[in-house]
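Worksheet: one structure, shown below.
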Amino acid sequence: MAPPDLGSPSTFVLLRHGETALTPEKRFSGSGGADPELSEAGRGQAAAAAAALSAHGDIDVIVTSPLTRCRETAETVAARLGLGIEVDEGLRETHFGAWEGLTFKEVGARYPDDLKAWLGSSDAAPTGGGESFAEVAERVAETRDRLTAAHRGRTALLVSHVTPIKTLVRLALGAPAEAMFRMELAAASLTTVAYYADGNASVRCLNETAHLLRT
């Protein structure tokens with residue numbers, strides 16, 4: 001028996017924003033603290049990603065997180081591709097509460113019990129009203145379903161952050177929550193996931209950074 005014709009998938013090309021001043025220091029930078037702009041290095045990374053996506057040749061729509069670093073990255077790509085930009089709140093980074101702006105080591109020194117709980121359970125939230133990974137996953141899954149329905153058969157560039165992108169990959173793979181800590185996602189990296197009409201997903205690449213080596 002022939003397999004069912006599922007048609008063309010909705011394809012998400014996931015672009016992490018370029019670096020900010022906080023990125024090299026590996027500080028928590030979510031949606032609950034400062035809203036940093038791209039650094040000079042980050043602007044260069046955005047331009048390199050734009051060149052790679054122009055060569056890619058099949059981006060139909062650009063959707064971005066509302067945070068400045070993503071909007072700036074998206075604007076650089078949009079200018080190169082001649083496309084407009086949609087802003088979607090569902091693509092914003094995790095709210096890291098009192099951890100915003102701190103390094104992992106600083107969080108461990110100030111809030112050791114909370115950090116241990118966060119590392120051990122997707123239901124644990126950062127100190128001071130942050131979002132748990134479980135809450136982020138619920139938000140991201142709703143955003144995924146809405147955008148795949150809106151762009152069925154098209155290729156959408158989603159400009160977002162570490163946690164939403166890793167969450168989309170984890171959900172596509174059916175991986176447990178702890179898989180979040182086992183993925184590397186560089187600034188301005190590209191990841192691609194295709195979604196089919198029967199609900200299945202295919203991760204086509206993860207953390208592609210070859211375009212950054214040419215900058």
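If you're wondering about the labels, chains in the structure tokens are A, B, ... by order shown, residues count from 1 in each chain, ligands from 1 in order shown.
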
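Once Ala194 in chain A and its same-chain neighbours fewer than 3 positions away are set aside, A:Ser8, A:Pro9, A:Ser10, A:Thr11, A:Phe12, A:Val13, A:Thr148, A:Gly153, A:Arg154, A:Thr155, A:Ala172, A:Asn200, A:Ala201, A:Ser202, A:Val203, A:Arg204 remain within 10 Å of it when counting only C-alpha atoms.
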
Write the residues of the selection above to a file with C-alpha atoms, as a CSV table (one decimal), in the first residue's frame.
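Contents of selection_33.csv, as written:
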```
chain,number,residue,atom,x,y,z
A,8,SER,CA,4.6,19.8,1.5
A,9,PRO,CA,5.6,20.3,5.1
A,10,SER,CA,5.7,23.6,7.0
A,11,THR,CA,9.4,24.2,7.4
A,12,PHE,CA,10.9,26.3,10.2
A,13,VAL,CA,14.4,27.6,9.7
A,148,THR,CA,2.6,25.7,11.1
A,153,GLY,CA,3.7,24.2,2.8
A,154,ARG,CA,5.9,27.3,3.2
A,155,THR,CA,9.3,27.9,4.7
A,172,ALA,CA,10.2,17.4,17.4
A,200,ASN,CA,5.3,14.1,12.6
A,201,ALA,CA,8.4,16.3,12.5
A,202,SER,CA,11.9,15.9,11.1
A,203,VAL,CA,14.9,17.7,12.4
A,204,ARG,CA,17.0,18.4,9.3
```

Q: Pick out the residues sitting within 12 Å of Thr209 in chain A, and hand them over as a PyMOL selection string; count only C-alpha atoms, and ignore anything fewer than 6 positions along from it in its own chain.
A: chain A and resi 15-16+18+45-46+48-49+52+184-191+215

Q.
When DSSP is applied to the backbone of this structure, which of chain A are assigned helix (DSSP H, G or I)? Write them out as a PyMOL selection string.
A. chain A and resi 40-56+68-81+89-91+97-99+104-110+112-120+133-150+162-173+177-182+210-214

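Among the candidates A:Thr192, A:Thr143, A:Ser29, A:Thr68, the one nearest to Phe104 in chain A when counting only C-alpha atoms is A:Ser29.
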
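Residues with any atom within 8 Å of range 97-102 of chain A, counting only C-alpha atoms and excluding same-chain neighbours fewer than 4 positions away, are A:Leu22, A:Arg27, A:Phe28, A:Ser29, A:Gly30, A:Gly32, A:Gly33, A:Ala34, A:Glu106, A:Val107, A:Pro126, A:Thr127, A:Gly128, A:Gly129, A:Gly130, A:Glu131.
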
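Counting only C-alpha atoms, Arg80 in chain A has the following residues at most 8 Å away, ignoring those fewer than 2 positions along the same chain: Ala50, Ala51, Ser54, Thr76, Val77, Ala78 and Gly82 of chain A.
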
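Note that CA of Asp114 in chain A and CA of Val169 in chain A are 25.8 Å apart.
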
Q: If you run DSSP over the backbone, which residues in range 31-155 of chain A end up strand (DSSP E)? Put them as a PyMOL selection string.
A: chain A and resi 61-64+86-87+155

Please dump the current selection as a PDB file, in the first residue's frame; keep N, CA and C atoms.
```pdb
ATOM      1  N   VAL A  61       8.673  33.759   4.603  1.00  0.00           N
ATOM      2  CA  VAL A  61       8.194  34.707   5.606  1.00  0.00           C
ATOM      3  C   VAL A  61       9.186  34.744   6.761  1.00  0.00           C
ATOM      4  N   ILE A  62       9.291  35.888   7.424  1.00  0.00           N
ATOM      5  CA  ILE A  62      10.177  36.047   8.580  1.00  0.00           C
ATOM      6  C   ILE A  62       9.328  36.407   9.790  1.00  0.00           C
ATOM      7  N   VAL A  63       9.473  35.624  10.859  1.00  0.00           N
ATOM      8  CA  VAL A  63       8.761  35.881  12.113  1.00  0.00           C
ATOM      9  C   VAL A  63       9.803  35.997  13.215  1.00  0.00           C
ATOM     10  N   THR A  64       9.686  37.001  14.063  1.00  0.00           N
ATOM     11  CA  THR A  64      10.712  37.244  15.071  1.00  0.00           C
ATOM     12  C   THR A  64      10.140  37.426  16.467  1.00  0.00           C
ATOM     13  N   GLU A  86       7.165  39.732  10.695  1.00  0.00           N
ATOM     14  CA  GLU A  86       6.083  39.577  11.654  1.00  0.00           C
ATOM     15  C   GLU A  86       6.693  39.398  13.040  1.00  0.00           C
ATOM     16  N   VAL A  87       6.081  39.989  14.051  1.00  0.00           N
ATOM     17  CA  VAL A  87       6.546  39.849  15.433  1.00  0.00           C
ATOM     18  C   VAL A  87       5.587  38.938  16.183  1.00  0.00           C
ATOM     19  N   THR A 155       8.119  27.915   3.876  1.00  0.00           N
ATOM     20  CA  THR A 155       9.315  27.929   4.709  1.00  0.00           C
ATOM     21  C   THR A 155       9.365  29.254   5.462  1.00  0.00           C
TER      22      THR A 155
END
```

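Straight-line separation from CA of Glu37 in chain A to CA of Val162 in chain A: 16.1 Å.
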
Q) Any idea what the distance is between CA of Leu91 in chain A and CA of His161 in chain A? A) 7.5 Å

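Using only C-alpha atoms, the smallest distance between any of A:Met183, A:Leu38, A:Ala117, A:Ala125 and Glu75 in chain A comes from A:Leu38.
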